[in-house]
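Chemist: Starting off with a structure, shown below.
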Amino acid sequence: GLQKGRKMIRLAAAMALSCRVAAGLPATPAIGRAAVRGAVRGRASRHARHASLSTVRMAVDTAAPPRSALDMPTAEHPAFELLRVETVDEYTLKCATYRHRKSGAEVISAAADDDNKVFGIVFRTPVTDSTGVPHILEHSVLCGSDKYTSKEPFAELLKGSLQTFLNAFTYPDRTCYPVASQNTKDFYNLVNVYLDAVLNPRAKRDPTVLQQEGWHYELDDAAAPLSYKGVVFNEMKGVYSSPDSRMYRAAQQATFPDTTYAVDSGGDPAVIPSLTFEQFKSFHDAYYHPANSRIFFYGDDDLSYRLQLLDDYLSAFDAPPTPPTSAIATQKLYTQPWKVVEPFPASAEAEAAGGQHMVMLNWLLNEEPLGDVDELALNILDHLLMGTTTAPLYKAMLDSGLGAALMGGGLSDELKQATFSVGLKGVAKADVREVEALALRTLAETAAQGFDADAIEASLNTIEFSMREMNTGGFPKGLAFMLSIMPRWIYREGESPTDALRFEAPLSELKRRLAAGEKVFEGLLTKLLLDNGHRTTVELAPDETLAAKLQTEEERVLAEAKEKMSDAELQEVISSTAALKAAQLKEDSAADLATIPRVGLADLEREVKTIRTETAALPGGGTLLTNPMPTAGVVYADVLLDLSVLPLSELPLMGLFTRLLLETGTSEMEAVTLQRRIGARTGGIDASIFSQQRLAADGAVADPYDVVHMLAVRAKGTSEKAEQLFDLVGAVLTDANLDSKAKVVEILKESKANLESRFVSSGNAFASLRLSSRTSLLGYISEQTGGVSYYATVKAMLENAQSDWPSLLARLVAVRDAVLSQKGVVINLTADPAALDAARPAVDAFVGRLPAASAAAPAAPWREEVSLAPKLDEAYAITTQVNYVAAGARLFEPGTVHNMGAYGVVARYLSSGYLWDNVRVVGGAYGGGCALNPNSGAFAFSSYRDPNLQDTLDIYAATPKVLAELELTDEALEQAIVGAVGELDKPLTPDQKGLRALTWHLLGQTTEGRQRYRDEMLGTTREDFRKFGEVLSAAQLKVAIFGSAEALEKANAARPADEQIAVTKLA
């Protein structure tokens, strides 16, 4: 999918990344001095003769590795020239850099004591037009290759790999193909497939790959209108339906008017159909040569084997006499600012409201690369200006009331030159100029006044803590390293890319300069922003006619193309349409499937992993959980308060309440002081809601009304500052200044604007919430506090805040009075054993400051108050060119016991097989799949950026028949089991392990129950596929759709009168 990066908060104005798989990705962390903002996508392939060689070598080379990967000697190989060996002490890495003598490929091989091994190959892929050729090629090379001859090696890997990361992504100037796995055999399978995919793809000799992944004419009947189909074509239609995406693209193109960044590497739907097969092949020839590649390995695998594997592929290529012409040109800095105005598709209501304009200021910061100290200082300056809600630029923009939500987000440093962006959306037409003036005025005042010492301390500590902790969440650490070093590697010839990971020296120098009194940040602010003429202000104006104009123009172009076709040419389009569909749906031969390397059941761990957790009582009746494990001196603390004391009707307040805890200050600390203290004394504090369905005993389907719903404050800090950490947590929980009308109005306006944006970009998530609200209390609460119903509540709360603030304030105060209690508190600590012992006095002191019991009378049980959403076919009309189509039902009744592990294997098989082939490959949607919740018994289908609607529903409806007629081979069954079990074993960081242990405790999840589920998966049979099909056949699926009004009208016209979809229009 297309990711908009914001370092942690940063929305990088120009950084749209296109990914092969539309999976939800964790935010990429800031590593070293480089802010890593990732996005991903993937597939696979290569030569048969290498498979047996790799298998033999694996048995010899990967056995009994040394105790530490860093103790392994630097590998040498006659095919490679060793350029340098370096250590990165900050992260305990040993990196060897090589050049392959014959092909010219550059390689960094990093040894690390990390079993989550990473490989990536990256090509510089600059473009001169918006046909989206690098994006389409990124999809296409993973559709089979010389060695791996199935039509979709990537899909086969998704079905049955133990991968911890499998995807690929397209930047504006480069294309990345990364994989990761903890299993060594699986890891090298992935590497082999990816190397052959990028170097020897079927796509270069088979035009149907471009037709499938890029675009093609589609016609089933000569009398019917001609249409476009293609996965990337429809993906980008979805992207161009999003006003936010249009803004970030416009900003990038305006800021870099003279370079490759002035066009869209992802592809403009209006331009994609001009891409020819010859252009497509030529692009691969030009840029997918090893001499234009950067290859990265990371982990604890055999260093010599890496080089031998690479040589097997690279030795087929000769370095060209001159290097590939892929260097990224530098944008010269302009001396005078300018403005760009573009329309975006909006509803008539939005345009009539007059407050929907979007405005963003964008600076290009440098021509020459920044020095190490300046690069680090710029990241800290960015945090000083934009890193918290009380940072001067962030606060001024939102406090102004000129817009509903922030746009931009500050620094973006992933491209050749850094940019800085800030703006607002939801701006009245009359206020557009004032937004620009406000940003410039605020920056000038900030530079003149300077930054307070405590502000600098807080931002410096925040960035330093992040660099030292190196917490990548669910993202492979090695991939974060790879993405961090890549800009230096591809833009700066002759420098060491790994310098991007080193922060000790520049941090020390920066601290020295600050201690000497130098105004480092004020100087950078003045030089890079205030005195910098290369500034473009981009305004996007709502246009209710734009969507219709784009559709009309597409239809005109297609009609004109059809008019020019002879009868024979029309018949050729009809024939090619049928042939393409037949090829897409044709099963791979056994011989082709046999080329895909696999892991089997023997490679799986049979036993579930456990986390040591100790339970103790807290004063007043609470519970303390401790999870002793190595955390490098960091204490991770979770404080949870029971929300079941609240009336059900008050739960939608909690999103607002959690933000007020951290954004309004306390009776003793103004908001600015509070956030600076958090930044200076902790690694961060966050407030959110923990909401899950409690498990039933013996693996039965759970009681749909039994939920765990708690306020959760998560905090982290060094062990020696545990007391200060808990003091701050106590302050925000017990003493937050809730009487902040202006802040509440600001938050609610921002929430409203963000929901409106997400309806268009993530309609599948909201459709799924509608489905879940029909089957369980958890689903109902989730939809009421985050779905379409919440959107209505936000608008009502906003009106309430503006017209009757005391009544809303009274409700917020009542929430706090009700939830604060020693009795129900749960505290979860994850740290080194010594740090856990040292933190106990701080925990007890914190609990002692809480009231002994809730001040509120017990609320009525939620199960008695709730009315679940009605089971009906419903849809929401939004301004979009694509649809999000969901359908589902509860398949299993509460209290009944079923073979849920096996059925989970079946559901995953459907997602990566039948639905992948029909919804994505043939249908042209960017994504599609299904999921079974073993706890609730609910099952749902969904599609993402889907050009179809009723056709997709028909595919869902045919699923039982597909399962009934399925002839599953032994290999396919094993593959399905391996893939499903592999998803249970993703690596976890210490804080994630702590949260996992907490979740198990709160939900009643036992080791025996987890082992039973795993055993059910491992024991899946063909009969389980048949039984699940029978269950699905008996279910009454109901739909929830987010799509265009035209598509919904067309679908209803084709449906019987008693199956009409109820349509609600969303502005």
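Following the order of the structure tokens, first chain is A, next is B, and so on, with residues numbered from 1 inside each chain and ligands from 1 in the order they appear.
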For stretch 206-220 of chain A, list every protein, DNA or RNA residue within 8 Å, evaluated using only C-alpha atoms, and leave out those in the same chain fewer than 4 positions away; present the list as a ChimeraX atom specification.
Modeler: /A:136-137,139-140,143,202,224-233,272-273,277,280,573-574,577-578,580,921-922,924
Chemist: Near stretch 506-514 of chain A, counting only C-alpha atoms, which residues have an atom at most 10 Å away, once you skip same-chain residues fewer than 5 positions from it, shown as a ChimeraX atom specification?
Modeler: /A:33,371-377,453,456,460,464,519-521
Chemist: Nearest to A:Leu411: which of A:Leu528, A:Thr322, A:Gln950, A:Val427 is it, counting only C-alpha atoms?
Modeler: A:Leu528
Chemist: Excluding stretch 446-450 of chain A and any residue of its chain fewer than 2 positions from it, enumerate the residues within 8 Å of it, using only C-alpha atoms, and give them as a PDB file with C-alpha atoms, in the first residue's frame.
Modeler:
ATOM      1  CA  PRO A 392       5.662  25.681  19.316  1.00  0.00           C
ATOM      2  CA  THR A 442       5.647  31.257  14.409  1.00  0.00           C
ATOM      3  CA  LEU A 443       8.989  30.103  13.037  1.00  0.00           C
ATOM      4  CA  ALA A 444      10.369  33.667  13.120  1.00  0.00           C
ATOM      5  CA  ASP A 452      14.243  26.964  26.537  1.00  0.00           C
ATOM      6  CA  LYS A 519      22.504  28.392  19.675  1.00  0.00           C
ATOM      7  CA  GLU A 522      18.120  28.522  16.413  1.00  0.00           C
ATOM      8  CA  GLY A 523      20.908  28.723  13.839  1.00  0.00           C
ATOM      9  CA  LEU A 525      16.033  27.094  12.033  1.00  0.00           C
ATOM     10  CA  THR A 526      17.156  30.426  10.634  1.00  0.00           C
TER      11      THR A 526
END
Chemist: Could you give me, as a ChimeraX atom specification, each residue of stretch 222-354 of chain A that DSSP assigns to helix (DSSP H, G or I) when run on this structure's backbone?
Modeler: /A:231-241,243-255,260-262,272-274,277-287,290-292,303-314,348-353
Chemist: Kindly indicate which residue among A:Arg811, A:His534, A:His357, A:Arg996 lies nearest to A:Pro243, using only C-alpha atoms for the distances.
Modeler: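 Smallest distance to A:Pro243 is found for A:His357.
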Chemist: Per DSSP on the backbone, filter stretch 451-647 of chain A down to the residues in strand (DSSP E) and report them as a PDB file with N, CA and C atoms, in the first residue's frame.
Modeler:
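The file below, part_23.pdb, is the result:
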ATOM      1  N   ARG A 535      10.794  27.534  -0.945  1.00  0.00           N
ATOM      2  CA  ARG A 535       9.579  27.199  -0.199  1.00  0.00           C
ATOM      3  C   ARG A 535       8.379  27.266  -1.131  1.00  0.00           C
ATOM      4  N   THR A 536       7.633  26.176  -1.150  1.00  0.00           N
ATOM      5  CA  THR A 536       6.410  26.176  -1.952  1.00  0.00           C
ATOM      6  C   THR A 536       5.210  25.958  -1.047  1.00  0.00           C
ATOM      7  N   THR A 537       4.198  26.747  -1.260  1.00  0.00           N
ATOM      8  CA  THR A 537       2.940  26.582  -0.535  1.00  0.00           C
ATOM      9  C   THR A 537       1.948  25.903  -1.469  1.00  0.00           C
ATOM     10  N   VAL A 538       1.487  24.735  -1.060  1.00  0.00           N
ATOM     11  CA  VAL A 538       0.558  23.964  -1.870  1.00  0.00           C
ATOM     12  C   VAL A 538      -0.834  24.049  -1.257  1.00  0.00           C
ATOM     13  N   GLU A 539      -1.783  24.462  -2.058  1.00  0.00           N
ATOM     14  CA  GLU A 539      -3.183  24.505  -1.631  1.00  0.00           C
ATOM     15  C   GLU A 539      -3.978  23.503  -2.455  1.00  0.00           C
ATOM     16  N   LEU A 540      -4.764  22.679  -1.775  1.00  0.00           N
ATOM     17  CA  LEU A 540      -5.711  21.804  -2.460  1.00  0.00           C
ATOM     18  C   LEU A 540      -7.121  22.293  -2.157  1.00  0.00           C
ATOM     19  N   ALA A 541      -7.869  22.527  -3.220  1.00  0.00           N
ATOM     20  CA  ALA A 541      -9.220  23.076  -3.088  1.00  0.00           C
ATOM     21  C   ALA A 541     -10.247  22.000  -3.402  1.00  0.00           C
ATOM     22  N   PRO A 542     -11.330  21.914  -2.625  1.00  0.00           N
ATOM     23  CA  PRO A 542     -12.344  20.887  -2.884  1.00  0.00           C
ATOM     24  C   PRO A 542     -13.085  21.161  -4.188  1.00  0.00           C
ATOM     25  N   ASP A 543     -13.347  20.079  -4.924  1.00  0.00           N
ATOM     26  CA  ASP A 543     -14.050  20.192  -6.207  1.00  0.00           C
ATOM     27  C   ASP A 543     -15.039  19.043  -6.301  1.00  0.00           C
ATOM     28  N   GLU A 614       5.247 -13.395  36.947  1.00  0.00           N
ATOM     29  CA  GLU A 614       4.947 -13.595  38.355  1.00  0.00           C
ATOM     30  C   GLU A 614       3.840 -12.646  38.771  1.00  0.00           C
ATOM     31  N   THR A 615       2.932 -13.126  39.600  1.00  0.00           N
ATOM     32  CA  THR A 615       1.761 -12.356  40.023  1.00  0.00           C
ATOM     33  C   THR A 615       1.832 -12.092  41.516  1.00  0.00           C
ATOM     34  N   ALA A 616       1.517 -10.852  41.900  1.00  0.00           N
ATOM     35  CA  ALA A 616       1.502 -10.483  43.314  1.00  0.00           C
ATOM     36  C   ALA A 616       0.334  -9.532  43.557  1.00  0.00           C
ATOM     37  N   ALA A 617      -0.099  -9.466  44.798  1.00  0.00           N
ATOM     38  CA  ALA A 617      -1.189  -8.559  45.170  1.00  0.00           C
ATOM     39  C   ALA A 617      -0.631  -7.175  45.467  1.00  0.00           C
ATOM     40  N   THR A 623      -3.544  -5.856  41.236  1.00  0.00           N
ATOM     41  CA  THR A 623      -2.684  -6.966  40.826  1.00  0.00           C
ATOM     42  C   THR A 623      -1.406  -6.428  40.192  1.00  0.00           C
ATOM     43  N   LEU A 624      -0.286  -7.006  40.587  1.00  0.00           N
ATOM     44  CA  LEU A 624       0.994  -6.664  39.983  1.00  0.00           C
ATOM     45  C   LEU A 624       1.510  -7.872  39.222  1.00  0.00           C
ATOM     46  N   LEU A 625       1.810  -7.667  37.937  1.00  0.00           N
ATOM     47  CA  LEU A 625       2.434  -8.690  37.110  1.00  0.00           C
ATOM     48  C   LEU A 625       3.861  -8.255  36.826  1.00  0.00           C
ATOM     49  N   THR A 626       4.820  -9.159  36.971  1.00  0.00           N
ATOM     50  CA  THR A 626       6.202  -8.842  36.622  1.00  0.00           C
ATOM     51  C   THR A 626       6.722  -9.881  35.644  1.00  0.00           C
ATOM     52  N   ASN A 627       7.413  -9.392  34.628  1.00  0.00           N
ATOM     53  CA  ASN A 627       7.953 -10.237  33.562  1.00  0.00           C
ATOM     54  C   ASN A 627       9.455 -10.021  33.501  1.00  0.00           C
ATOM     55  N   PRO A 628      10.231 -10.823  34.244  1.00  0.00           N
ATOM     56  CA  PRO A 628      11.687 -10.613  34.256  1.00  0.00           C
ATOM     57  C   PRO A 628      12.331 -11.085  32.956  1.00  0.00           C
ATOM     58  N   VAL A 634      15.989  -0.790  30.709  1.00  0.00           N
ATOM     59  CA  VAL A 634      14.735  -0.064  30.530  1.00  0.00           C
ATOM     60  C   VAL A 634      13.627  -0.771  31.303  1.00  0.00           C
ATOM     61  N   VAL A 635      12.781   0.010  31.966  1.00  0.00           N
ATOM     62  CA  VAL A 635      11.582  -0.520  32.618  1.00  0.00           C
ATOM     63  C   VAL A 635      10.375  -0.175  31.754  1.00  0.00           C
ATOM     64  N   TYR A 636       9.611  -1.190  31.388  1.00  0.00           N
ATOM     65  CA  TYR A 636       8.370  -1.001  30.652  1.00  0.00           C
ATOM     66  C   TYR A 636       7.211  -1.218  31.627  1.00  0.00           C
ATOM     67  N   ALA A 637       6.354  -0.230  31.767  1.00  0.00           N
ATOM     68  CA  ALA A 637       5.276  -0.291  32.748  1.00  0.00           C
ATOM     69  C   ALA A 637       3.934  -0.059  32.077  1.00  0.00           C
ATOM     70  N   ASP A 638       2.970  -0.903  32.421  1.00  0.00           N
ATOM     71  CA  ASP A 638       1.592  -0.744  31.968  1.00  0.00           C
ATOM     72  C   ASP A 638       0.707  -0.591  33.197  1.00  0.00           C
ATOM     73  N   VAL A 639      -0.072   0.459  33.235  1.00  0.00           N
ATOM     74  CA  VAL A 639      -1.021   0.684  34.321  1.00  0.00           C
ATOM     75  C   VAL A 639      -2.418   0.648  33.722  1.00  0.00           C
ATOM     76  N   LEU A 640      -3.252  -0.263  34.220  1.00  0.00           N
ATOM     77  CA  LEU A 640      -4.588  -0.441  33.649  1.00  0.00           C
ATOM     78  C   LEU A 640      -5.658  -0.254  34.717  1.00  0.00           C
ATOM     79  N   LEU A 641      -6.711   0.480  34.343  1.00  0.00           N
ATOM     80  CA  LEU A 641      -7.842   0.744  35.219  1.00  0.00           C
ATOM     81  C   LEU A 641      -9.111   0.229  34.562  1.00  0.00           C
ATOM     82  N   ASP A 642      -9.944  -0.422  35.349  1.00  0.00           N
ATOM     83  CA  ASP A 642     -11.158  -1.072  34.844  1.00  0.00           C
ATOM     84  C   ASP A 642     -12.181  -0.027  34.418  1.00  0.00           C
TER      85      ASP A 642
END
Chemist: If you count only C-alpha atoms, which residues fall within 10 Å of A:Ala346, apart from same-chain ones fewer than 2 positions away, as a list of chain:residue names?
Modeler: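 Result of the neighbour search: A:Ser241, A:Ser242, A:Pro243, A:Pro343, A:Phe344, A:Ala348, A:Glu349, A:Ala350, A:Glu351, A:Ala352, A:Gln356, A:Ala541, A:Pro542, A:Asp543, A:Glu544, A:Thr545, A:Leu546, A:Ala547, A:Ile878, A:Thr879, A:Thr880, A:Ala1067.
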Chemist: Pull all heavy atoms from the residues just selected and write them as a compact mmCIF listing (two decimals), in the first residue's frame.
Modeler:
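Result saved to part_36.txt:
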# COMPACT_ATOMS: atom_id res chain seq x y z
N SER A 241 -7.91 8.81 -4.85
CA SER A 241 -9.20 9.18 -4.27
C SER A 241 -9.02 9.85 -2.92
O SER A 241 -9.94 10.50 -2.41
CB SER A 241 -10.08 7.93 -4.09
OG SER A 241 -10.44 7.37 -5.33
N SER A 242 -7.84 9.68 -2.31
CA SER A 242 -7.58 10.22 -0.98
C SER A 242 -7.05 11.65 -1.08
O SER A 242 -5.98 11.87 -1.66
CB SER A 242 -6.55 9.35 -0.26
OG SER A 242 -6.01 10.02 0.85
N PRO A 243 -7.74 12.63 -0.51
CA PRO A 243 -7.23 14.01 -0.54
C PRO A 243 -5.85 14.13 0.11
O PRO A 243 -5.00 14.86 -0.39
CB PRO A 243 -8.30 14.78 0.25
CG PRO A 243 -9.55 13.99 0.07
CD PRO A 243 -9.11 12.56 0.06
N PRO A 343 -6.95 20.95 -7.44
CA PRO A 343 -8.22 20.49 -6.88
C PRO A 343 -8.08 19.10 -6.28
O PRO A 343 -7.14 18.37 -6.56
CB PRO A 343 -9.13 20.45 -8.11
CG PRO A 343 -8.19 20.07 -9.23
CD PRO A 343 -6.87 20.74 -8.91
N PHE A 344 -9.03 18.75 -5.41
CA PHE A 344 -9.12 17.36 -4.96
C PHE A 344 -10.60 16.96 -4.96
O PHE A 344 -11.48 17.81 -4.81
CB PHE A 344 -8.48 17.16 -3.59
CG PHE A 344 -9.23 17.75 -2.42
CD1 PHE A 344 -10.24 17.04 -1.77
CD2 PHE A 344 -8.92 19.02 -1.95
CE1 PHE A 344 -10.92 17.57 -0.70
CE2 PHE A 344 -9.59 19.57 -0.87
CZ PHE A 344 -10.60 18.85 -0.24
N ALA A 348 -20.29 17.22 -2.62
CA ALA A 348 -20.94 18.53 -2.76
C ALA A 348 -21.09 19.19 -1.40
O ALA A 348 -20.92 20.40 -1.25
CB ALA A 348 -22.30 18.36 -3.45
N GLU A 349 -21.39 18.37 -0.37
CA GLU A 349 -21.57 18.91 0.97
C GLU A 349 -20.26 19.51 1.49
O GLU A 349 -20.24 20.57 2.11
CB GLU A 349 -22.04 17.81 1.93
CG GLU A 349 -23.43 17.29 1.63
CD GLU A 349 -23.43 16.18 0.56
OE1 GLU A 349 -22.36 15.92 -0.03
OE2 GLU A 349 -24.49 15.60 0.33
N ALA A 350 -19.16 18.81 1.22
CA ALA A 350 -17.88 19.29 1.70
C ALA A 350 -17.51 20.61 1.03
O ALA A 350 -17.01 21.53 1.68
CB ALA A 350 -16.80 18.25 1.45
N GLU A 351 -17.74 20.70 -0.27
CA GLU A 351 -17.40 21.94 -0.97
C GLU A 351 -18.30 23.07 -0.52
O GLU A 351 -17.86 24.19 -0.31
CB GLU A 351 -17.51 21.75 -2.48
CG GLU A 351 -17.04 22.98 -3.25
CD GLU A 351 -16.96 22.76 -4.75
OE1 GLU A 351 -17.29 21.66 -5.21
OE2 GLU A 351 -16.57 23.70 -5.45
N ALA A 352 -19.57 22.77 -0.31
CA ALA A 352 -20.52 23.80 0.11
C ALA A 352 -20.16 24.32 1.50
O ALA A 352 -20.36 25.50 1.81
CB ALA A 352 -21.94 23.25 0.10
N GLN A 356 -12.97 23.10 3.70
CA GLN A 356 -12.31 21.84 3.39
C GLN A 356 -11.00 22.02 2.62
O GLN A 356 -10.46 21.06 2.11
CB GLN A 356 -13.26 20.94 2.58
CG GLN A 356 -14.50 20.53 3.33
CD GLN A 356 -14.19 19.65 4.53
OE1 GLN A 356 -13.30 18.82 4.49
NE2 GLN A 356 -14.92 19.84 5.61
N ALA A 541 -7.87 22.53 -3.22
CA ALA A 541 -9.22 23.08 -3.09
C ALA A 541 -10.25 22.00 -3.40
O ALA A 541 -10.08 21.23 -4.36
CB ALA A 541 -9.40 24.26 -4.03
N PRO A 542 -11.33 21.91 -2.62
CA PRO A 542 -12.34 20.89 -2.88
C PRO A 542 -13.08 21.16 -4.19
O PRO A 542 -13.37 22.30 -4.53
CB PRO A 542 -13.28 21.01 -1.68
CG PRO A 542 -13.12 22.42 -1.21
CD PRO A 542 -11.69 22.78 -1.48
N ASP A 543 -13.35 20.08 -4.92
CA ASP A 543 -14.05 20.19 -6.21
C ASP A 543 -15.04 19.04 -6.30
O ASP A 543 -14.65 17.89 -6.48
CB ASP A 543 -13.03 20.13 -7.35
CG ASP A 543 -13.68 20.33 -8.72
OD1 ASP A 543 -14.93 20.27 -8.81
OD2 ASP A 543 -12.94 20.54 -9.70
N GLU A 544 -16.31 19.36 -6.16
CA GLU A 544 -17.33 18.31 -6.16
C GLU A 544 -17.48 17.66 -7.54
O GLU A 544 -18.02 16.57 -7.65
CB GLU A 544 -18.68 18.87 -5.72
CG GLU A 544 -19.30 19.85 -6.71
CD GLU A 544 -20.75 20.14 -6.39
OE1 GLU A 544 -21.56 19.19 -6.45
OE2 GLU A 544 -21.05 21.29 -6.07
N THR A 545 -16.98 18.32 -8.57
CA THR A 545 -17.13 17.77 -9.92
C THR A 545 -15.91 16.96 -10.36
O THR A 545 -15.96 16.30 -11.40
CB THR A 545 -17.34 18.91 -10.93
OG1 THR A 545 -16.15 19.71 -11.03
CG2 THR A 545 -18.50 19.80 -10.51
N LEU A 546 -14.82 16.99 -9.58
CA LEU A 546 -13.58 16.38 -10.06
C LEU A 546 -13.71 14.88 -10.24
O LEU A 546 -13.25 14.33 -11.25
CB LEU A 546 -12.43 16.69 -9.09
CG LEU A 546 -11.06 16.15 -9.51
CD1 LEU A 546 -10.64 16.69 -10.86
CD2 LEU A 546 -10.01 16.50 -8.44
N ALA A 547 -14.31 14.18 -9.27
CA ALA A 547 -14.44 12.73 -9.39
C ALA A 547 -15.20 12.36 -10.65
O ALA A 547 -14.81 11.45 -11.39
CB ALA A 547 -15.12 12.17 -8.15
N ILE A 878 -19.09 7.02 -0.25
CA ILE A 878 -18.01 7.99 -0.05
C ILE A 878 -17.50 8.44 -1.41
O ILE A 878 -17.80 7.83 -2.44
CB ILE A 878 -16.85 7.38 0.77
CG1 ILE A 878 -16.34 6.09 0.09
CG2 ILE A 878 -17.29 7.11 2.20
CD1 ILE A 878 -15.15 5.45 0.80
N THR A 879 -16.72 9.51 -1.41
CA THR A 879 -16.15 10.02 -2.65
C THR A 879 -14.87 9.23 -2.96
O THR A 879 -13.81 9.47 -2.38
CB THR A 879 -15.83 11.52 -2.53
OG1 THR A 879 -17.01 12.21 -2.15
CG2 THR A 879 -15.33 12.08 -3.85
N THR A 880 -14.98 8.27 -3.87
CA THR A 880 -13.87 7.37 -4.15
C THR A 880 -14.04 6.74 -5.52
O THR A 880 -15.15 6.71 -6.06
CB THR A 880 -13.79 6.25 -3.08
OG1 THR A 880 -12.68 5.40 -3.36
CG2 THR A 880 -15.05 5.40 -3.07
N ALA A 1067 -20.38 12.33 4.02
CA ALA A 1067 -19.79 13.50 3.36
C ALA A 1067 -18.32 13.24 3.10
O ALA A 1067 -17.64 12.63 3.92
CB ALA A 1067 -19.95 14.73 4.23
Chemist: Using Å and a single decimal, report how far atom CA of A:Gln802 sits from atom CA of A:Asp739.
Modeler: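 Straight-line distance from atom CA of A:Asp739 to atom CA of A:Gln802 works out to 13.1 Å.
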Chemist: With only C-alpha atoms as the counted atoms, please give the residues lying no more than 7 Å from stretch 416-423 of chain A, apart from itself and same-chain residues fewer than 4 positions off, as a list in words.
Modeler: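 Selected residues are Ala13, Val359, Met360, Leu361, Asn362, Trp363, Leu364, Leu365, Asn366, Glu367, Leu406, Met407, Gly408, Gly409, Gly410, Leu411, Ser412, Pro487 and Tyr491 of chain A.
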Chemist: From the set A:Thr1007, A:Ser400, A:Gln822, A:Ser245, which residue has the shortest atom-to-atom contact distance to A:Arg758, counting only C-alpha atoms?
Modeler: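 Residue with the minimum atom-to-atom distance to A:Arg758: A:Ser245.
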Chemist: Between atom CA of A:Ala515 and atom CA of A:Leu728, what is the distance in Å, rounded to a tenth?
Modeler: 27.3 Å
Chemist: Would you please work out which residue, of A:Ala869, A:Ile611, A:Leu157, A:Val813, is nearest to A:Gly779 when using only C-alpha atoms?
Modeler: A:Ala869
Chemist: Looking at only C-alpha atoms, which of A:Thr175, A:Thr775, A:Thr959, A:Gln253 is the one that sits closest to A:Arg1026?
Modeler: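 So, comparing all the options, the nearest one is A:Thr959.
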Chemist: My list of candidates is A:Phe690, A:Tyr903, A:Phe766, A:Tyr194. Which is closest to A:Phe154 when distances are computed with only C-alpha atoms?
Modeler: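 That would be A:Tyr194, the residue with the smallest distance to A:Phe154.
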Chemist: Excluding A:Ile747 and any residue of its chain fewer than 4 positions from it, enumerate the residues within 10 Å of it, using only C-alpha atoms, and give them as a list in words.
Modeler: Leu398, Ala404, Ala405, Gly655, Leu656, Arg659, Leu660, Glu663, Lys741, Ala742, Lys743, Ser751, Lys752, Ala753, Val794 and Leu798 of chain A
Chemist: Could you state the separation of atom CA of A:Thr325 and atom CA of A:Tyr288 in Å, given to one decimal place?
Modeler: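 About the pair atom CA of A:Thr325 and atom CA of A:Tyr288: they are 11.7 Å apart.
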Chemist: Tell me which protein, DNA and RNA residues are within 10 Å of A:Leu850, counting only C-alpha atoms, leaving out same-chain ones fewer than 2 positions away, and put them as a PyMOL selection string.
Modeler: chain A and resi 620+730+733-734+820-823+825+845-848+852-854
Chemist: For those residues, write C-alpha atoms to a file as an mmCIF file, in the first residue's frame.
Modeler:
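That gives us again.cif:
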data_model
loop_
_atom_site.group_PDB
_atom_site.id
_atom_site.type_symbol
_atom_site.label_atom_id
_atom_site.label_comp_id
_atom_site.auth_asym_id
_atom_site.auth_seq_id
_atom_site.Cartn_x
_atom_site.Cartn_y
_atom_site.Cartn_z
ATOM 1 C CA GLY A 620 -6.014 -2.165 48.026
ATOM 2 C CA GLY A 730 0.152 9.286 38.657
ATOM 3 C CA LEU A 733 -4.162 9.967 35.768
ATOM 4 C CA THR A 734 -5.233 11.811 38.895
ATOM 5 C CA LEU A 820 -9.587 5.803 39.638
ATOM 6 C CA SER A 821 -9.445 3.004 42.181
ATOM 7 C CA GLN A 822 -6.890 0.824 43.914
ATOM 8 C CA LYS A 823 -9.301 -2.057 43.754
ATOM 9 C CA VAL A 825 -5.802 -1.545 39.081
ATOM 10 C CA ALA A 845 3.721 4.650 46.276
ATOM 11 C CA PHE A 846 1.786 5.148 43.037
ATOM 12 C CA VAL A 847 -0.982 2.801 44.131
ATOM 13 C CA GLY A 848 -1.135 4.509 47.511
ATOM 14 C CA ALA A 852 -9.291 3.185 47.698
ATOM 15 C CA ALA A 853 -12.455 2.667 45.659
ATOM 16 C CA SER A 854 -14.349 4.195 42.770
#
